[in-house]
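> data.pdb is the file, holding PDB, C-alpha atoms:
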ATOM      1  CA  MET A   1     -27.796  -8.859 -13.767
ATOM      2  CA  SER A   2     -24.988 -10.891 -15.288
ATOM      3  CA  ALA A   3     -22.045 -11.801 -13.070
ATOM      4  CA  ARG A   4     -19.028  -9.540 -13.512
ATOM      5  CA  VAL A   5     -15.726  -9.238 -11.648
ATOM      6  CA  LEU A   6     -13.666  -6.044 -11.565
ATOM      7  CA  LEU A   7     -10.197  -7.146 -10.461
ATOM      8  CA  HIS A   8      -7.915  -4.261  -9.440
ATOM      9  CA  VAL A   9      -4.351  -5.554  -9.032
ATOM     10  CA  GLY A  10      -2.289  -2.415  -8.396
ATOM     11  CA  THR A  11       0.063  -0.756  -8.803
ATOM     12  CA  PRO A  12       1.208   0.438  -5.350
ATOM     13  CA  LYS A  13       1.228   4.185  -4.583
ATOM     14  CA  THR A  14      -1.559   4.997  -7.046
ATOM     15  CA  GLY A  15      -4.339   5.992  -4.656
ATOM     16  CA  THR A  16      -5.149   2.383  -3.793
ATOM     17  CA  SER A  17      -5.422   2.910  -0.016
ATOM     18  CA  HIS A  18      -8.040   5.645  -0.422
ATOM     19  CA  LEU A  19      -9.968   3.597  -2.971
ATOM     20  CA  GLN A  20     -10.036   0.535  -0.730
ATOM     21  CA  ASP A  21     -11.013   2.617   2.293
ATOM     22  CA  VAL A  22     -13.999   4.094   0.422
ATOM     23  CA  LEU A  23     -15.075   0.706  -0.921
ATOM     24  CA  PHE A  24     -14.887  -0.918   2.515
ATOM     25  CA  ARG A  25     -16.770   1.789   4.396
ATOM     26  CA  ASN A  26     -19.483   1.976   1.725
ATOM     27  CA  ARG A  27     -19.852  -1.750   1.139
ATOM     28  CA  ASP A  28     -23.463  -1.835   2.421
ATOM     29  CA  ARG A  29     -24.451   1.019   0.115
ATOM     30  CA  LEU A  30     -22.693  -0.667  -2.771
ATOM     31  CA  ARG A  31     -24.514  -3.923  -2.072
ATOM     32  CA  HIS A  32     -27.816  -2.039  -2.266
ATOM     33  CA  HIS A  33     -26.881  -1.115  -5.842
ATOM     34  CA  GLY A  34     -25.868  -4.652  -6.786
ATOM     35  CA  LEU A  35     -22.123  -4.101  -6.244
ATOM     36  CA  LEU A  36     -20.293  -6.531  -3.970
ATOM     37  CA  TYR A  37     -17.108  -5.554  -2.142
ATOM     38  CA  PRO A  38     -16.559  -8.774  -0.154
ATOM     39  CA  ALA A  39     -14.763  -7.762   3.034
ATOM     40  CA  ASP A  40     -15.376  -8.438   6.711
ATOM     41  CA  ARG A  41     -12.415  -6.234   7.715
ATOM     42  CA  PHE A  42     -10.590  -3.384   6.010
ATOM     43  CA  ASP A  43      -7.577  -5.526   5.100
ATOM     44  CA  ALA A  44      -9.573  -8.546   3.905
ATOM     45  CA  HIS A  45      -8.359  -8.286   0.305
ATOM     46  CA  PHE A  46      -4.772  -7.848   1.468
ATOM     47  CA  LEU A  47      -5.023 -11.071   3.469
ATOM     48  CA  ALA A  48      -6.639 -12.815   0.502
ATOM     49  CA  ALA A  49      -3.740 -11.695  -1.695
ATOM     50  CA  LEU A  50      -1.211 -12.998   0.844
ATOM     51  CA  ASP A  51      -3.050 -16.313   0.832
ATOM     52  CA  LEU A  52      -3.208 -16.534  -2.952
ATOM     53  CA  MET A  53       0.516 -15.874  -3.329
ATOM     54  CA  ALA A  54       1.675 -17.608  -0.119
ATOM     55  CA  LEU A  55       3.600 -14.487   0.880
ATOM     56  CA  PRO A  56       5.249 -14.138   4.303
ATOM     57  CA  TRP A  57       4.372 -10.736   5.772
ATOM     58  CA  GLY A  58       5.411 -10.061   9.335
ATOM     59  CA  GLY A  59       3.328 -12.851  10.810
ATOM     60  CA  LEU A  60       0.099 -11.831   9.073
ATOM     61  CA  GLN A  61       0.306 -14.836   6.748
ATOM     62  CA  ALA A  62      -1.100 -16.988   9.556
ATOM     63  CA  GLU A  63      -4.272 -14.875   9.541
ATOM     64  CA  ALA A  64      -4.463 -15.175   5.744
ATOM     65  CA  ILE A  65      -4.921 -18.943   5.522
ATOM     66  CA  GLY A  66      -8.056 -19.748   3.516
ATOM     67  CA  ARG A  67      -8.842 -16.089   2.827
ATOM     68  CA  TRP A  68      -8.601 -16.228  -0.964
ATOM     69  CA  ASP A  69     -10.932 -19.188  -1.347
ATOM     70  CA  ALA A  70     -13.459 -17.561   1.015
ATOM     71  CA  LEU A  71     -13.376 -14.327  -0.985
ATOM     72  CA  ALA A  72     -13.702 -16.166  -4.303
ATOM     73  CA  GLU A  73     -16.682 -18.116  -3.010
ATOM     74  CA  GLN A  74     -18.508 -14.887  -2.160
ATOM     75  CA  VAL A  75     -17.786 -13.565  -5.642
ATOM     76  CA  ARG A  76     -19.085 -16.732  -7.315
ATOM     77  CA  ARG A  77     -22.333 -16.552  -5.344
ATOM     78  CA  HIS A  78     -22.999 -12.908  -6.231
ATOM     79  CA  PRO A  79     -25.136 -12.453  -9.374
ATOM     80  CA  GLY A  80     -24.058  -8.881 -10.091
ATOM     81  CA  THR A  81     -20.745  -7.012 -10.138
ATOM     82  CA  SER A  82     -17.991  -7.826  -7.626
ATOM     83  CA  ILE A  83     -14.945  -5.666  -6.909
ATOM     84  CA  ILE A  84     -11.595  -6.993  -5.673
ATOM     85  CA  SER A  85      -8.727  -4.593  -5.011
ATOM     86  CA  HIS A  86      -5.220  -4.902  -3.691
ATOM     87  CA  GLU A  87      -1.958  -3.635  -5.118
ATOM     88  CA  ILE A  88       0.290  -6.528  -4.074
ATOM     89  CA  LEU A  89      -1.652  -8.731  -6.496
ATOM     90  CA  ALA A  90       0.431  -7.081  -9.222
ATOM     91  CA  THR A  91       3.344  -9.399  -8.452
ATOM     92  CA  ALA A  92       1.399 -12.681  -8.703
ATOM     93  CA  SER A  93       2.967 -15.389 -10.863
ATOM     94  CA  ARG A  94       1.224 -16.878 -13.896
ATOM     95  CA  SER A  95       0.238 -19.975 -11.943
ATOM     96  CA  GLN A  96      -1.190 -17.843  -9.149
ATOM     97  CA  VAL A  97      -3.071 -15.739 -11.689
ATOM     98  CA  GLY A  98      -4.451 -18.940 -13.208
ATOM     99  CA  ARG A  99      -5.675 -20.111  -9.824
ATOM    100  CA  ALA A 100      -7.267 -16.709  -9.157
ATOM    101  CA  MET A 101      -9.091 -16.592 -12.481
ATOM    102  CA  GLN A 102     -10.351 -20.156 -12.192
ATOM    103  CA  SER A 103     -11.632 -19.578  -8.667
ATOM    104  CA  LEU A 104     -13.397 -16.324  -9.567
ATOM    105  CA  ALA A 105     -14.897 -17.342 -12.895
ATOM    106  CA  PRO A 106     -14.769 -21.116 -13.405
ATOM    107  CA  ASP A 107     -15.755 -22.410 -16.834
ATOM    108  CA  ASP A 108     -18.510 -20.140 -18.164
ATOM    109  CA  GLY A 109     -18.667 -18.031 -14.989
ATOM    110  CA  ALA A 110     -18.392 -14.288 -14.505
ATOM    111  CA  GLU A 111     -16.974 -11.869 -17.034
ATOM    112  CA  VAL A 112     -13.651 -10.638 -15.648
ATOM    113  CA  HIS A 113     -12.276  -7.139 -16.165
ATOM    114  CA  LEU A 114      -8.732  -6.270 -15.119
ATOM    115  CA  VAL A 115      -8.029  -2.803 -13.687
ATOM    116  CA  LEU A 116      -4.491  -1.452 -13.285
ATOM    117  CA  SER A 117      -3.822   2.008 -11.873
ATOM    118  CA  VAL A 118      -0.483   3.448 -12.998
ATOM    119  CA  ARG A 119       1.793   6.395 -12.230
ATOM    120  CA  ASP A 120       5.034   7.682 -13.725
ATOM    121  CA  LEU A 121       8.301   6.136 -12.576
ATOM    122  CA  VAL A 122       9.747   9.523 -11.622
ATOM    123  CA  ARG A 123       7.302   9.521  -8.714
ATOM    124  CA  GLN A 124       7.022   5.776  -8.186
ATOM    125  CA  ILE A 125      10.702   5.061  -7.552
ATOM    126  CA  PRO A 126      11.215   7.349  -4.525
ATOM    127  CA  ALA A 127       7.784   6.337  -3.205
ATOM    128  CA  GLU A 128       8.734   2.652  -3.331
ATOM    129  CA  TRP A 129      12.001   3.263  -1.475
ATOM    130  CA  GLN A 130      10.033   5.006   1.250
ATOM    131  CA  GLU A 131       7.598   2.087   1.422
ATOM    132  CA  ASN A 132      10.532  -0.281   1.870
ATOM    133  CA  VAL A 133      11.750   1.811   4.796
ATOM    134  CA  LYS A 134       8.260   1.743   6.332
ATOM    135  CA  HIS A 135       8.438  -2.056   6.126
ATOM    136  CA  ARG A 136      11.622  -2.369   8.258
ATOM    137  CA  SER A 137      14.203  -1.906   5.472
ATOM    138  CA  THR A 138      17.509  -0.207   6.268
ATOM    139  CA  ILE A 139      18.661   0.103   2.643
ATOM    140  CA  THR A 140      19.984   3.513   1.584
ATOM    141  CA  TYR A 141      18.374   5.366  -1.307
ATOM    142  CA  GLU A 142      21.672   5.119  -3.211
ATOM    143  CA  GLU A 143      21.761   1.322  -2.934
ATOM    144  CA  PHE A 144      18.047   1.073  -3.702
ATOM    145  CA  LEU A 145      18.537   2.954  -6.972
ATOM    146  CA  ALA A 146      21.590   0.872  -7.829
ATOM    147  CA  GLN A 147      19.666  -2.371  -7.380
ATOM    148  CA  LEU A 148      16.787  -1.135  -9.536
ATOM    149  CA  ARG A 149      19.177  -0.264 -12.372
ATOM    150  CA  ASP A 150      21.057  -3.561 -12.198
ATOM    151  CA  PRO A 151      20.258  -5.293 -15.526
ATOM    152  CA  GLU A 152      20.123  -8.674 -13.778
ATOM    153  CA  ARG A 153      17.460  -7.400 -11.361
ATOM    154  CA  LYS A 154      18.591  -9.866  -8.726
ATOM    155  CA  GLY A 155      17.771  -9.633  -5.064
ATOM    156  CA  ARG A 156      14.568  -9.007  -3.127
ATOM    157  CA  ILE A 157      14.420  -5.245  -3.736
ATOM    158  CA  ALA A 158      14.615  -5.362  -7.534
ATOM    159  CA  THR A 159      12.441  -8.472  -7.810
ATOM    160  CA  TRP A 160       9.651  -6.875  -5.803
ATOM    161  CA  PHE A 161       9.877  -3.436  -7.427
ATOM    162  CA  TRP A 162       9.722  -4.627 -11.022
ATOM    163  CA  GLY A 163       7.142  -7.249 -10.099
ATOM    164  CA  VAL A 164       4.690  -4.570  -8.992
ATOM    165  CA  GLN A 165       5.746  -1.752 -11.337
ATOM    166  CA  GLU A 166       6.656  -3.159 -14.773
ATOM    167  CA  ILE A 167       3.380  -2.459 -16.558
ATOM    168  CA  PRO A 168       3.675  -4.717 -19.653
ATOM    169  CA  ASP A 169       4.799  -7.670 -17.533
ATOM    170  CA  ILE A 170       1.913  -7.245 -15.073
ATOM    171  CA  LEU A 171      -0.523  -7.095 -17.990
ATOM    172  CA  ASP A 172       1.094 -10.180 -19.555
ATOM    173  CA  ARG A 173       0.584 -12.177 -16.363
ATOM    174  CA  TRP A 174      -2.887 -10.962 -15.438
ATOM    175  CA  GLY A 175      -4.392 -10.188 -18.809
ATOM    176  CA  HIS A 176      -3.077 -12.818 -21.205
ATOM    177  CA  GLU A 177      -6.461 -14.588 -21.412
ATOM    178  CA  LEU A 178      -8.602 -11.441 -21.435
ATOM    179  CA  PRO A 179      -9.676  -9.433 -24.511
ATOM    180  CA  PRO A 180      -8.112  -5.938 -24.707
ATOM    181  CA  GLU A 181     -11.470  -4.269 -24.086
ATOM    182  CA  ASN A 182     -11.604  -5.995 -20.677
ATOM    183  CA  ILE A 183      -8.311  -4.456 -19.549
ATOM    184  CA  HIS A 184      -8.484  -0.928 -18.131
ATOM    185  CA  LEU A 185      -5.567   1.321 -17.169
ATOM    186  CA  VAL A 186      -6.301   4.231 -14.838
ATOM    187  CA  THR A 187      -3.597   6.899 -14.932
ATOM    188  CA  VAL A 188      -2.755   8.981 -11.856
ATOM    189  CA  PRO A 189      -2.933  12.712 -12.672
ATOM    190  CA  PRO A 190       0.165  14.872 -12.216
ATOM    191  CA  PRO A 191       0.463  17.043  -9.108
ATOM    192  CA  GLY A 192      -1.493  20.273  -9.156
ATOM    193  CA  GLY A 193      -4.614  18.928 -10.853
ATOM    194  CA  ALA A 194      -8.151  18.684  -9.511
ATOM    195  CA  PRO A 195      -7.996  16.783  -6.201
ATOM    196  CA  ASP A 196     -10.945  14.562  -7.108
ATOM    197  CA  LEU A 197      -9.816  13.693 -10.631
ATOM    198  CA  LEU A 198      -8.293  10.323  -9.726
ATOM    199  CA  TRP A 199     -11.422   9.351  -7.817
ATOM    200  CA  LYS A 200     -13.580  10.269 -10.825
ATOM    201  CA  ARG A 201     -11.475   7.961 -12.977
ATOM    202  CA  PHE A 202     -11.758   5.104 -10.503
ATOM    203  CA  SER A 203     -15.471   5.789 -10.184
ATOM    204  CA  SER A 204     -16.044   5.514 -13.917
ATOM    205  CA  VAL A 205     -14.168   2.205 -14.181
ATOM    206  CA  PHE A 206     -15.859   0.597 -11.177
ATOM    207  CA  GLY A 207     -19.350   1.814 -12.072
ATOM    208  CA  LEU A 208     -19.676   4.107  -9.065
ATOM    209  CA  ASP A 209     -20.799   7.241 -10.916
ATOM    210  CA  GLY A 210     -23.985   8.692  -9.477
ATOM    211  CA  LEU A 211     -23.825   6.706  -6.224
ATOM    212  CA  ASP A 212     -24.097   8.577  -2.928
ATOM    213  CA  LEU A 213     -20.886   7.442  -1.229
ATOM    214  CA  ASP A 214     -18.984   8.718   1.776
ATOM    215  CA  LEU A 215     -15.613   9.757   0.345
ATOM    216  CA  GLU A 216     -14.029  11.005   3.568
ATOM    217  CA  ALA A 217     -10.804   9.091   4.064
ATOM    218  CA  GLU A 218     -10.336   7.231   7.337
ATOM    219  CA  ARG A 219      -7.320   5.204   6.244
ATOM    220  CA  ALA A 220      -4.492   6.219   3.959
ATOM    221  CA  ASN A 221      -0.884   5.426   3.153
ATOM    222  CA  PRO A 222       0.655   8.890   3.522
ATOM    223  CA  SER A 223       4.085   9.876   2.301
ATOM    224  CA  LEU A 224       6.843  11.152   4.536
ATOM    225  CA  GLY A 225       9.383  13.885   4.056
ATOM    226  CA  VAL A 226      13.107  13.257   3.733
ATOM    227  CA  PRO A 227      14.010  13.788   7.430
ATOM    228  CA  GLU A 228      11.050  11.711   8.592
ATOM    229  CA  THR A 229      12.044   8.817   6.356
ATOM    230  CA  ALA A 230      15.602   9.173   7.621
ATOM    231  CA  LEU A 231      14.355   8.859  11.182
ATOM    232  CA  VAL A 232      12.347   5.715  10.442
ATOM    233  CA  ARG A 233      15.360   4.152   8.758
ATOM    234  CA  ARG A 234      17.531   4.900  11.805
ATOM    235  CA  ILE A 235      14.891   3.396  14.050
ATOM    236  CA  ASN A 236      14.797   0.275  11.860
ATOM    237  CA  LYS A 237      18.525  -0.231  12.353
ATOM    238  CA  ALA A 238      18.038  -0.072  16.112
ATOM    239  CA  VAL A 239      14.822  -2.051  16.590
ATOM    240  CA  ASN A 240      14.968  -4.743  13.910
ATOM    241  CA  PRO A 241      17.084  -7.074  16.079
ATOM    242  CA  VAL A 242      14.750  -6.777  19.078
ATOM    243  CA  LEU A 243      11.230  -5.946  17.811
ATOM    244  CA  ASP A 244       9.158  -8.831  16.473
ATOM    245  CA  PRO A 245       7.455  -8.262  13.068
ATOM    246  CA  PRO A 246       3.880  -8.377  14.485
ATOM    247  CA  ASP A 247       4.807  -5.514  16.840
ATOM    248  CA  TYR A 248       6.620  -3.426  14.239
ATOM    249  CA  ARG A 249       3.553  -2.698  12.095
ATOM    250  CA  PRO A 250       1.370  -1.063  14.803
ATOM    251  CA  LEU A 251       4.213   0.693  16.613
ATOM    252  CA  VAL A 252       6.556   1.959  13.912
ATOM    253  CA  ARG A 253       4.652   1.907  10.621
ATOM    254  CA  GLU A 254       1.210   2.945  11.888
ATOM    255  CA  LEU A 255       1.704   4.949  15.102
ATOM    256  CA  LEU A 256       5.028   6.608  14.323
ATOM    257  CA  ALA A 257       5.157   6.901  10.526
ATOM    258  CA  HIS A 258       1.514   7.197   9.479
ATOM    259  CA  GLN A 259      -0.140   8.832  12.475
ATOM    260  CA  THR A 260       2.698  11.079  13.655
ATOM    261  CA  LEU A 261       5.493  11.810  11.181
ATOM    262  CA  SER A 262       3.196  12.091   8.141
ATOM    263  CA  ARG A 263       1.632  15.194   9.722
ATOM    264  CA  ARG A 264       4.891  17.073   9.154
ATOM    265  CA  THR A 265       3.982  18.283   5.666
ATOM    266  CA  ARG A 266       6.370  21.234   5.328
ATOM    267  CA  THR A 267       9.603  19.254   5.147
ATOM    268  CA  PRO A 268      11.285  18.503   1.788
ATOM    269  CA  ARG A 269       9.832  15.654  -0.276
ATOM    270  CA  LEU A 270      12.065  13.028  -1.813
ATOM    271  CA  ALA A 271      12.566  13.050  -5.579
ATOM    272  CA  LEU A 272      14.303  10.982  -8.226
ATOM    273  CA  PRO A 273      17.793  12.392  -8.922
ATOM    274  CA  PRO A 274      17.705  14.548 -12.088
ATOM    275  CA  ASP A 275      20.330  12.429 -13.840
ATOM    276  CA  LEU A 276      17.927   9.438 -13.720
ATOM    277  CA  HIS A 277      14.910  11.251 -15.172
ATOM    278  CA  GLU A 278      15.776  10.441 -18.778
ATOM    279  CA  TRP A 279      16.221   6.735 -17.960
ATOM    280  CA  ALA A 280      12.861   6.642 -16.141
ATOM    281  CA  ARG A 281      11.068   8.555 -18.901
ATOM    282  CA  ASP A 282      12.490   6.378 -21.649
ATOM    283  CA  LEU A 283      11.370   3.255 -19.834
ATOM    284  CA  GLY A 284       7.936   4.741 -19.240
ATOM    285  CA  GLN A 285       7.721   5.741 -22.894
ATOM    286  CA  ARG A 286       8.392   2.160 -24.015
ATOM    287  CA  TRP A 287       5.700   0.887 -21.665
ATOM    288  CA  ASN A 288       3.227   3.484 -22.919
ATOM    289  CA  ASP A 289       3.953   2.555 -26.533
ATOM    290  CA  GLU A 290       3.305  -1.108 -25.744
ATOM    291  CA  VAL A 291      -0.001  -0.326 -24.016
ATOM    292  CA  ARG A 292      -1.120   1.736 -27.009
ATOM    293  CA  ARG A 293      -0.110  -1.036 -29.381
ATOM    294  CA  ARG A 294      -2.175  -3.589 -27.478
ATOM    295  CA  GLY A 295      -5.280  -1.415 -27.573
ATOM    296  CA  TYR A 296      -6.246  -1.475 -23.897
ATOM    297  CA  ASP A 297      -8.852   0.893 -22.486
ATOM    298  CA  VAL A 298      -7.072   3.885 -20.920
ATOM    299  CA  VAL A 299      -8.948   6.043 -18.433
ATOM    300  CA  GLY A 300      -6.978   9.258 -18.261
ATOM    301  CA  ASP A 301      -3.905   9.978 -20.354
ATOM    302  CA  LEU A 302      -0.826   7.778 -20.758
ATOM    303  CA  ALA A 303       1.259  10.916 -21.167
ATOM    304  CA  GLU A 304       0.662  11.498 -17.455
ATOM    305  CA  ARG A 305       2.877   8.466 -16.834
ATOM    306  CA  GLY A 306       5.814  10.334 -18.312
ATOM    307  CA  GLU A 307       6.977  10.759 -21.885
ATOM    308  CA  ARG A 308      10.230  11.745 -23.509
ATOM    309  CA  PRO A 309      10.958  15.489 -23.655
ATOM    310  CA  GLY A 310       8.814  17.119 -26.296
ATOM    311  CA  LEU A 311       5.712  15.124 -25.347
ATOM    312  CA  ARG A 312       3.323  16.113 -22.569
ATOM    313  CA  GLY A 313       3.972  14.222 -19.376
ATOM    314  CA  VAL A 314       4.923  14.379 -15.737
ATOM    315  CA  GLY A 315       8.649  13.880 -15.996
ATOM    316  CA  GLN A 316       9.111  17.004 -13.898
ATOM    317  CA  VAL A 317       8.027  16.408 -10.335
ATOM    318  CA  GLY A 318       5.499  19.110  -9.586
ATOM    319  CA  ALA A 319       5.046  18.765  -5.814
ATOM    320  CA  ASP A 320       6.101  21.710  -3.651
ATOM    321  CA  ARG A 321       9.417  21.592  -1.820
ATOM    322  CA  VAL A 322      10.856  18.559  -3.579
ATOM    323  CA  THR A 323      14.399  17.868  -2.507
ATOM    324  CA  THR A 324      17.069  17.511  -5.174
ATOM    325  CA  LEU A 325      19.622  15.805  -2.945
ATOM    326  CA  GLN A 326      21.674  13.170  -4.686
ATOM    327  CA  PRO A 327      21.227   9.523  -3.584
ATOM    328  CA  GLN A 328      24.703   9.352  -2.097
ATOM    329  CA  GLN A 329      23.741  12.253   0.180
ATOM    330  CA  LEU A 330      20.604  10.417   1.235
ATOM    331  CA  GLY A 331      22.620   7.279   1.829
ATOM    332  CA  ARG A 332      25.174   8.965   4.065
ATOM    333  CA  ARG A 333      24.622  12.525   5.262
ATOM    334  CA  CYS A 334      20.822  12.469   5.554
ATOM    335  CA  ILE A 335      20.103   8.872   6.368
ATOM    336  CA  GLY A 336      23.274   7.824   8.096
TER
END
Output the file's structure as structure tokens, nothing else.

Amino acid sequence: MSARVLLHVGTPKTGTSHLQDVLFRNRDRLRHHGLLYPADRFDAHFLAALDLMALPWGGLQAEAIGRWDALAEQVRRHPGTSIISHEILATASRSQVGRAMQSLAPDDGAEVHLVLSVRDLVRQIPAEWQENVKHRSTITYEEFLAQLRDPERKGRIATWFWGVQEIPDILDRWGHELPPENIHLVTVPPPGGAPDLLWKRFSSVFGLDGLDLDLEAERANPSLGVPETALVRRINKAVNPVLDPPDYRPLVRELLAHQTLSRRTRTPRLALPPDLHEWARDLGQRWNDEVRRRGYDVVGDLAERGERPGLRGVGQVGADRVTTLQPQQLGRRCIG
């Protein structure tokens, strides 16, 4: 077998947690079929990404030291196909991308394929605000939306969001030295479709078709309803001054948000305000047009990322019980 690297760099909130959970739990089975998922713990690729990009992350960066080089060494030693996956890699700079590529496939080393999973902005924007709240943020939804729409894109919120969500820019940074046929976009289906459709798309890209894998999820990054997110934000305002970052993740994010509040599935879901749908669709349309122009391999349908009215897409949020509250209501009455 020739050496090959499948490098999945995001984006966040596109089924990445489930994918990584399946890959980690089945890594011995994958190895039997010549597929390497190099991980000694479930968050190994997350730590490697922190190391590569020198990102501070609630104290975890100390555990990340040396992780990228160790992962890359395993990939270089493997003669078959290796899989690397973490969504925060989407925001890597060009110099960090260069270091990653050189370490994974130096000189005439492995053939690298880039994989990017993508979802429409109408769903991504509220999901990213919720993720910020689950990472200690106290920003209101109204202010979050205002910062995203600021043309200067200044500040941590806008810099991070567009770094991990602006599809052409991510592809420019990660794929500028790769041929178009080595760049694969996996689109997230709209709500209401077959529940296993996204997995089938991932499976086809990563060469997992026909393998007997355990697909039962043990780890996930579940969404919260509006009142649950409001509660977490209130808690952040109270505990941030007194709770150290290493304690916040297991207590608030994991125990409270993921293991407790996420089980309340009948409360309203957060949505993008209707007056911002056209802006989000137009932006998504421009990105889709650029992807088509470049000739990348698309697994799924770019229209699922959202198109202008008149074209098939997912501009309308299809999940049940989606709230239509305006951001100023979420910033004051609901979130407080």
> Could you list, as a VMD selection string, every residue matched by the PyMOL selection byres ((chain A and resi 14-17) around 7) in this structure?
chain A and resid 11 to 13 18 to 21 87 117 to 119 188 219 to 221
> Enclose segment 260-276 of chain A, meaning all of its atoms listed in the file, in a box aligned along x, y and z, pad it by 3 Å on each side, and list the centre and edge lengths in Å to one decimal, as JSON.

{"center_x": 11.0, "center_y": 15.3, "center_z": -0.1, "size_x": 24.7, "size_y": 17.8, "size_z": 33.5}
> Show me, as number ranges by chain, the residues that have an atom within 8 Å of Trp68 of chain A when counting all atoms listed in the file, minus same-chain residues fewer than 5 positions from it.
A: 47-49, 51-52
> Convert the output of the PyMOL selection byres ((chain A and resi 54) around 12) on the shown file into explicit residues, formatted as a PDB file with C-alpha atoms, in the frame of the given file.

ATOM      1  CA  PHE A  46      -4.772  -7.848   1.468  1.00  0.00           C
ATOM      2  CA  LEU A  47      -5.023 -11.071   3.469  1.00  0.00           C
ATOM      3  CA  ALA A  48      -6.639 -12.815   0.502  1.00  0.00           C
ATOM      4  CA  ALA A  49      -3.740 -11.695  -1.695  1.00  0.00           C
ATOM      5  CA  LEU A  50      -1.211 -12.998   0.844  1.00  0.00           C
ATOM      6  CA  ASP A  51      -3.050 -16.313   0.832  1.00  0.00           C
ATOM      7  CA  LEU A  52      -3.208 -16.534  -2.952  1.00  0.00           C
ATOM      8  CA  MET A  53       0.516 -15.874  -3.329  1.00  0.00           C
ATOM      9  CA  LEU A  55       3.600 -14.487   0.880  1.00  0.00           C
ATOM     10  CA  PRO A  56       5.249 -14.138   4.303  1.00  0.00           C
ATOM     11  CA  TRP A  57       4.372 -10.736   5.772  1.00  0.00           C
ATOM     12  CA  LEU A  60       0.099 -11.831   9.073  1.00  0.00           C
ATOM     13  CA  GLN A  61       0.306 -14.836   6.748  1.00  0.00           C
ATOM     14  CA  ALA A  62      -1.100 -16.988   9.556  1.00  0.00           C
ATOM     15  CA  GLU A  63      -4.272 -14.875   9.541  1.00  0.00           C
ATOM     16  CA  ALA A  64      -4.463 -15.175   5.744  1.00  0.00           C
ATOM     17  CA  ILE A  65      -4.921 -18.943   5.522  1.00  0.00           C
ATOM     18  CA  GLY A  66      -8.056 -19.748   3.516  1.00  0.00           C
ATOM     19  CA  ARG A  67      -8.842 -16.089   2.827  1.00  0.00           C
ATOM     20  CA  TRP A  68      -8.601 -16.228  -0.964  1.00  0.00           C
ATOM     21  CA  ILE A  88       0.290  -6.528  -4.074  1.00  0.00           C
ATOM     22  CA  LEU A  89      -1.652  -8.731  -6.496  1.00  0.00           C
ATOM     23  CA  THR A  91       3.344  -9.399  -8.452  1.00  0.00           C
ATOM     24  CA  ALA A  92       1.399 -12.681  -8.703  1.00  0.00           C
ATOM     25  CA  SER A  93       2.967 -15.389 -10.863  1.00  0.00           C
ATOM     26  CA  GLN A  96      -1.190 -17.843  -9.149  1.00  0.00           C
TER      27      GLN A  96
END
> Enumerate, as an MDAnalysis selection string, the residues matched when the PyMOL selection byres ((chain A and resi 262-270) around 7) is run on the file above.
chainID A and resid 126 222:226 257:261 271 321:323
> Identify which of the residues A:Asp301, A:Glu143, A:Asp247, A:Glu73 lies closest to Pro190 of chain A, counting all atoms listed in the file when measuring atom-to-atom distances.
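Checking each of A:Asp301, A:Glu143, A:Asp247, A:Glu73 against Pro190 of chain A, counting all atoms listed in the file, the winner is A:Asp301.
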> Leaving out segment 70-72 of chain A and any residue of its chain fewer than 6 positions from it, which residues lie within 8 Å of it when counting all atoms listed in the file, given as number ranges by chain?
A: 38-39, 45, 48, 103-104
> Would you mind exporting C-alpha atoms of the selected residues as a compact mmCIF listing (two decimals), in the coordinates of the input?

# COMPACT_ATOMS: atom_id res chain seq x y z
CA PRO A 38 -16.56 -8.77 -0.15
CA ALA A 39 -14.76 -7.76 3.03
CA HIS A 45 -8.36 -8.29 0.30
CA ALA A 48 -6.64 -12.82 0.50
CA SER A 103 -11.63 -19.58 -8.67
CA LEU A 104 -13.40 -16.32 -9.57
> Hey, what's within 10 Å of Val291 of chain A if we count all atoms listed in the file and toss same-chain stuff fewer than 4 positions away? As a ChimeraX atom specification, please?
/A:167-168,171,180,185,285-287,295-298,302
> Return the single residue from A:Leu178, A:Ile125, A:Ile170, A:Gly210 that is closest to Ala146 of chain A, with distances computed using all atoms listed in the file.
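Smallest separation from Ala146 of chain A among the options: A:Ile125.
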> Would you mind reading off the distance between atom CA of Leu114 of chain A and atom CA of Arg77 of chain A, one decimal, in Å?
19.7 Å
> Which residue, A:Arg233, A:Arg99, A:His78, A:His33, has the smallest gap to Trp129 of chain A when you use only C-alpha atoms?
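Of A:Arg233, A:Arg99, A:His78, A:His33, the one nearest Trp129 of chain A, counting only C-alpha atoms, is A:Arg233.
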> So the first atom is atom CA of Leu231 of chain A and the second is atom CA of Arg249 of chain A; what is the distance between them in Å, to one decimal place?
15.8 Å
> Atom CA of Arg292 of chain A and atom CA of Ile84 of chain A, how far apart in Å?
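Taking atom CA of Ile84 of chain A and atom CA of Arg292 of chain A, their separation equals 25.3 Å.
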> In terms of the shortest atom-to-atom distance over all atoms listed in the file, which of A:Arg25, A:Arg305, A:Arg4, A:Lys237 is closest to Arg281 of chain A?
A:Arg305
> Kindly indicate which residue among A:Ala127, A:Leu30, A:Val239, A:Leu121 lies nearest to Leu208 of chain A, using only C-alpha atoms for the distances.
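The answer is A:Leu30, which sits nearest to Leu208 of chain A.
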> Out of A:Ser137, A:His176, A:Leu116, A:Gly192, which residue has the shortest atom-to-atom distance to Ala238 of chain A when counting all atoms listed in the file?
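Once distances to Ala238 of chain A are computed over all atoms listed in the file, the minimum belongs to A:Ser137.
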> What's around Asp209 of chain A at 12 Å? Count all atoms listed in the file, leave out sequence neighbours fewer than 6 positions away in its own chain, and write the answer as a list of chain:residue names.
A:Leu30, A:His33, A:Trp199, A:Lys200, A:Arg201, A:Phe202, A:Ser203
